[in-house]
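Since the structure comes first, as structure tokens, the remarks are kept for the end.
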Amino acid sequence: MTFKSPLIAAALMATVAGTAAEAQREAPFTIAETGATYSRLADAVKAVGGNNATIIIAPGAYRDCAVQDAGRITYKALIPGRTVFDGGICEEKATLVLRGKAATIDGIIFQNQRVPDGNGAGIRIERGDLYVYNALFRNAEEGILSSDDESAEIVIDRSSFQRLGRCDRGLSCAHSIYIGYFGALKVTNSRFEKGNGGHYIKTRTGRVTITNNSFDDTQGRSTNYMIDLPAGATGVISGNVFVQGQNKENWSAFIAVAAEDTDHSSNGLNIHSNSASLAKGVQRNTWFVADWSGDQIRIANNSLGRGLTRYERR
């Protein structure tokens, strides 16, 4: 059909676009493989079931949460950085509670997660692989918290963690990232800053790759270690920039190895080519690496600022 009047054509096109936008607002969760749309994230996850699928999420702020019990699901923002999950909690745990085969998070913001036990997280990964890309976690008790699954891996890349963690109310501390006994953890090209307590990364995984990240504790409050490997680990920590701030609950080290257990050997753990310093105006003496394992750890080619000593056996 041809319209003689361009004004009529423009008006009809605007109406169609407006109708599409309204439909997107009413059903913002779309399964890419089928085109089916849903008004609730939980309904989209249920529809996927045990299959492999991508859920495309329209721009907006949502109080939704979901539990994934099966399948491999990618949760993808239609426009990265424009999809915000704001405070929604399932099972008094997290916005996304994951125990399927795998989950991928792409371009999503998680904020304001809080629960009675003080461990409210953007993501609670209980089983299966987890891949997080281009995500932002902020203003919550915990960014990512896991249970144990030594058959699975967790990969975090190009993501930011802000104003997370806590150590108050007589409860166990929460952390920006706290990973249990998973098979491996890889954190790359990410930023950690302005912690509200606990550690920036705490993990009980036996293998770690923590490279090319920024840990800016300048505006941290009552924070602890930058990286805590409480059960020991092998792998590599390299290319990171660490700045320790003034307001610390524990300033005695930047990286801690086997402070609680020696469940994993730390022989060959390679901590190299990092930069570590105290924030401007902070006057203290501290240690870059504190080690309780007694294993052969390689610590080399790190640039350490004033007040820092390379290593202490504890």
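Ordered as shown in the structure tokens, chains take letters A, B, and onward, while each chain numbers its residues from 1 and ligands are numbered from 1 in the order shown.
Excluding Asn139 in chain A itself and same-chain residues fewer than 6 positions from it, the residues having an atom within 12 Å of it are Phe85, Asp86, Gly87, Ile109, Phe110, Gln111, Asn112, Gln113, Arg114, Gly120, Ala121, Gly122, Ser160, Phe161, Gln162, Arg163, Leu164, Gly165, Arg166, His175, Ser176, Glu193, Lys194, Gly195, Asn196 and Gly197 of chain A, counting only C-alpha atoms.
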Give the strand (DSSP E or B) residues of range 65-309 of chain A, as assigned by DSSP on the backbone, as a ChimeraX atom specification. /A:66-68,72-77,83-86,90,94-98,102-106,108-111,121-125,129-133,136-138,142-146,149-157,160-162,166,174,177-179,182-188,191-193,198,201-203,207-211,214-216,223,227-229,234-238,241-244,248,255-257,270-272,275-278,286-291,298-300,303-304,308-309
12 Å contact set for Pro28 in chain A, only C-alpha atoms, chain neighbours under 2 positions out, as an NGL selection string: :A and (20-26 or 30-32 or 35-44 or 55-62 or 64 or 76-78 or 83)
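Among the candidate residues A:Ala233, A:Ile156, A:Val84, A:Met226, the one lying nearest to Lys248 in chain A is A:Met226, with distances computed using only C-alpha atoms.
Here the question is which of A:Val115, A:Cys167, A:Ile227, A:Ala300 gets nearest to Ala259 in chain A using only C-alpha atoms, and that residue is A:Ile227.
Look at Ile154 in chain A: the protein and nucleic acid residues within 10 Å of it, using only C-alpha atoms and passing over chain neighbours fewer than 6 places away, are Ala102, Ala103, Thr104, Ile125, Gly128, Asp129, Leu130, Tyr131, Val132, Ser146, Ile179, Phe182, Gly183, Ala184, Leu185, Lys186, Val187, Thr205 and Val208 of chain A.
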Quick one: write out the picked residues with N, CA, C and O atoms as a JSON list (two decimals), in the first residue's frame?
[["chain", "number", "residue", "atom", "x", "y", "z"],
["A", 102, "ALA", "N", 23.99, -24.43, 33.36],
["A", 102, "ALA", "CA", 24.86, -23.27, 33.16],
["A", 102, "ALA", "C", 24.02, -22.02, 33.03],
["A", 102, "ALA", "O", 22.84, -22.08, 32.64],
["A", 103, "ALA", "N", 24.64, -20.89, 33.33],
["A", 103, "ALA", "CA", 23.98, -19.59, 33.14],
["A", 103, "ALA", "C", 25.02, -18.59, 32.67],
["A", 103, "ALA", "O", 26.16, -18.61, 33.13],
["A", 104, "THR", "N", 24.59, -17.71, 31.76],
["A", 104, "THR", "CA", 25.44, -16.61, 31.30],
["A", 104, "THR", "C", 24.70, -15.30, 31.53],
["A", 104, "THR", "O", 23.50, -15.20, 31.22],
["A", 125, "ILE", "N", 24.87, -18.61, 42.90],
["A", 125, "ILE", "CA", 25.14, -19.76, 42.04],
["A", 125, "ILE", "C", 25.34, -21.00, 42.92],
["A", 125, "ILE", "O", 26.28, -21.06, 43.71],
["A", 128, "GLY", "N", 26.35, -25.74, 38.66],
["A", 128, "GLY", "CA", 26.50, -25.45, 37.24],
["A", 128, "GLY", "C", 27.49, -24.34, 36.97],
["A", 128, "GLY", "O", 27.95, -23.64, 37.87],
["A", 129, "ASP", "N", 27.84, -24.18, 35.70],
["A", 129, "ASP", "CA", 28.78, -23.16, 35.28],
["A", 129, "ASP", "C", 28.11, -21.79, 35.28],
["A", 129, "ASP", "O", 26.92, -21.66, 35.02],
["A", 130, "LEU", "N", 28.93, -20.76, 35.54],
["A", 130, "LEU", "CA", 28.44, -19.37, 35.51],
["A", 130, "LEU", "C", 29.44, -18.52, 34.73],
["A", 130, "LEU", "O", 30.63, -18.54, 35.00],
["A", 131, "TYR", "N", 28.89, -17.74, 33.79],
["A", 131, "TYR", "CA", 29.69, -16.82, 32.99],
["A", 131, "TYR", "C", 29.05, -15.43, 33.08],
["A", 131, "TYR", "O", 27.88, -15.26, 32.75],
["A", 132, "VAL", "N", 29.83, -14.45, 33.53],
["A", 132, "VAL", "CA", 29.33, -13.09, 33.75],
["A", 132, "VAL", "C", 30.16, -12.13, 32.93],
["A", 132, "VAL", "O", 31.38, -12.06, 33.09],
["A", 146, "SER", "N", 28.27, -18.10, 46.12],
["A", 146, "SER", "CA", 28.07, -19.46, 45.61],
["A", 146, "SER", "C", 27.92, -20.47, 46.73],
["A", 146, "SER", "O", 28.33, -20.23, 47.87],
["A", 179, "ILE", "N", 33.03, -17.12, 46.58],
["A", 179, "ILE", "CA", 32.86, -18.36, 45.86],
["A", 179, "ILE", "C", 33.33, -19.52, 46.73],
["A", 179, "ILE", "O", 34.42, -19.47, 47.30],
["A", 182, "PHE", "N", 34.12, -24.44, 44.21],
["A", 182, "PHE", "CA", 33.90, -24.68, 42.78],
["A", 182, "PHE", "C", 35.19, -25.19, 42.16],
["A", 182, "PHE", "O", 36.27, -25.12, 42.75],
["A", 183, "GLY", "N", 35.09, -25.71, 40.93],
["A", 183, "GLY", "CA", 36.27, -26.26, 40.28],
["A", 183, "GLY", "C", 37.32, -25.22, 39.97],
["A", 183, "GLY", "O", 38.51, -25.46, 40.13],
["A", 184, "ALA", "N", 36.88, -24.04, 39.48],
["A", 184, "ALA", "CA", 37.82, -22.99, 39.11],
["A", 184, "ALA", "C", 37.09, -21.66, 39.09],
["A", 184, "ALA", "O", 35.90, -21.58, 38.82],
["A", 185, "LEU", "N", 37.86, -20.60, 39.35],
["A", 185, "LEU", "CA", 37.35, -19.23, 39.27],
["A", 185, "LEU", "C", 38.30, -18.41, 38.41],
["A", 185, "LEU", "O", 39.51, -18.41, 38.62],
["A", 186, "LYS", "N", 37.72, -17.69, 37.45],
["A", 186, "LYS", "CA", 38.49, -16.79, 36.60],
["A", 186, "LYS", "C", 37.85, -15.41, 36.65],
["A", 186, "LYS", "O", 36.67, -15.26, 36.31],
["A", 187, "VAL", "N", 38.62, -14.40, 37.07],
["A", 187, "VAL", "CA", 38.14, -13.01, 37.14],
["A", 187, "VAL", "C", 39.12, -12.16, 36.36],
["A", 187, "VAL", "O", 40.30, -12.07, 36.72],
["A", 205, "THR", "N", 37.90, -21.96, 45.79],
["A", 205, "THR", "CA", 38.25, -22.78, 44.63],
["A", 205, "THR", "C", 39.71, -23.18, 44.67],
["A", 205, "THR", "O", 40.56, -22.44, 45.15],
["A", 208, "VAL", "N", 42.66, -20.67, 40.56],
["A", 208, "VAL", "CA", 42.21, -19.30, 40.33],
["A", 208, "VAL", "C", 43.00, -18.67, 39.19],
["A", 208, "VAL", "O", 44.19, -18.94, 39.02]]
Spatial neighbours of range 271-274 of chain A, max dist 9 Å, only C-alpha atoms, sep filter under 3 positions, as a ChimeraX atom specification: /A:211-212,235-242,289,297-304
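Around Gly88 in chain A, within 6 Å and counting only C-alpha atoms, the residues found are Arg63, Asp64, Cys65 and Thr95 of chain A, once anything fewer than 4 positions away on its own chain is removed.
Taking CA of Asp106 in chain A and CA of Asn189 in chain A as endpoints, the distance between them is 14.7 Å.
Taking CA of Asp295 in chain A and CA of Ile201 in chain A as the two end points, the separation is 21.2 Å.
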Using only C-alpha atoms, which protein or nucleic acid residues come within 9 Å of Asn224 in chain A? Drop anything in the same chain fewer than 2 positions from it, and give the result as number ranges by chain. A: 197-200, 222, 226-228, 248-254
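Interatomic distance, CA of Glu33 in chain A against CA of Gln68 in chain A: 17.7 Å.
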Pick the closest to Arg99 in chain A from A:His264, A:Arg138, A:Arg82, A:Arg127: which is it, counting only C-alpha atoms? A:Arg127
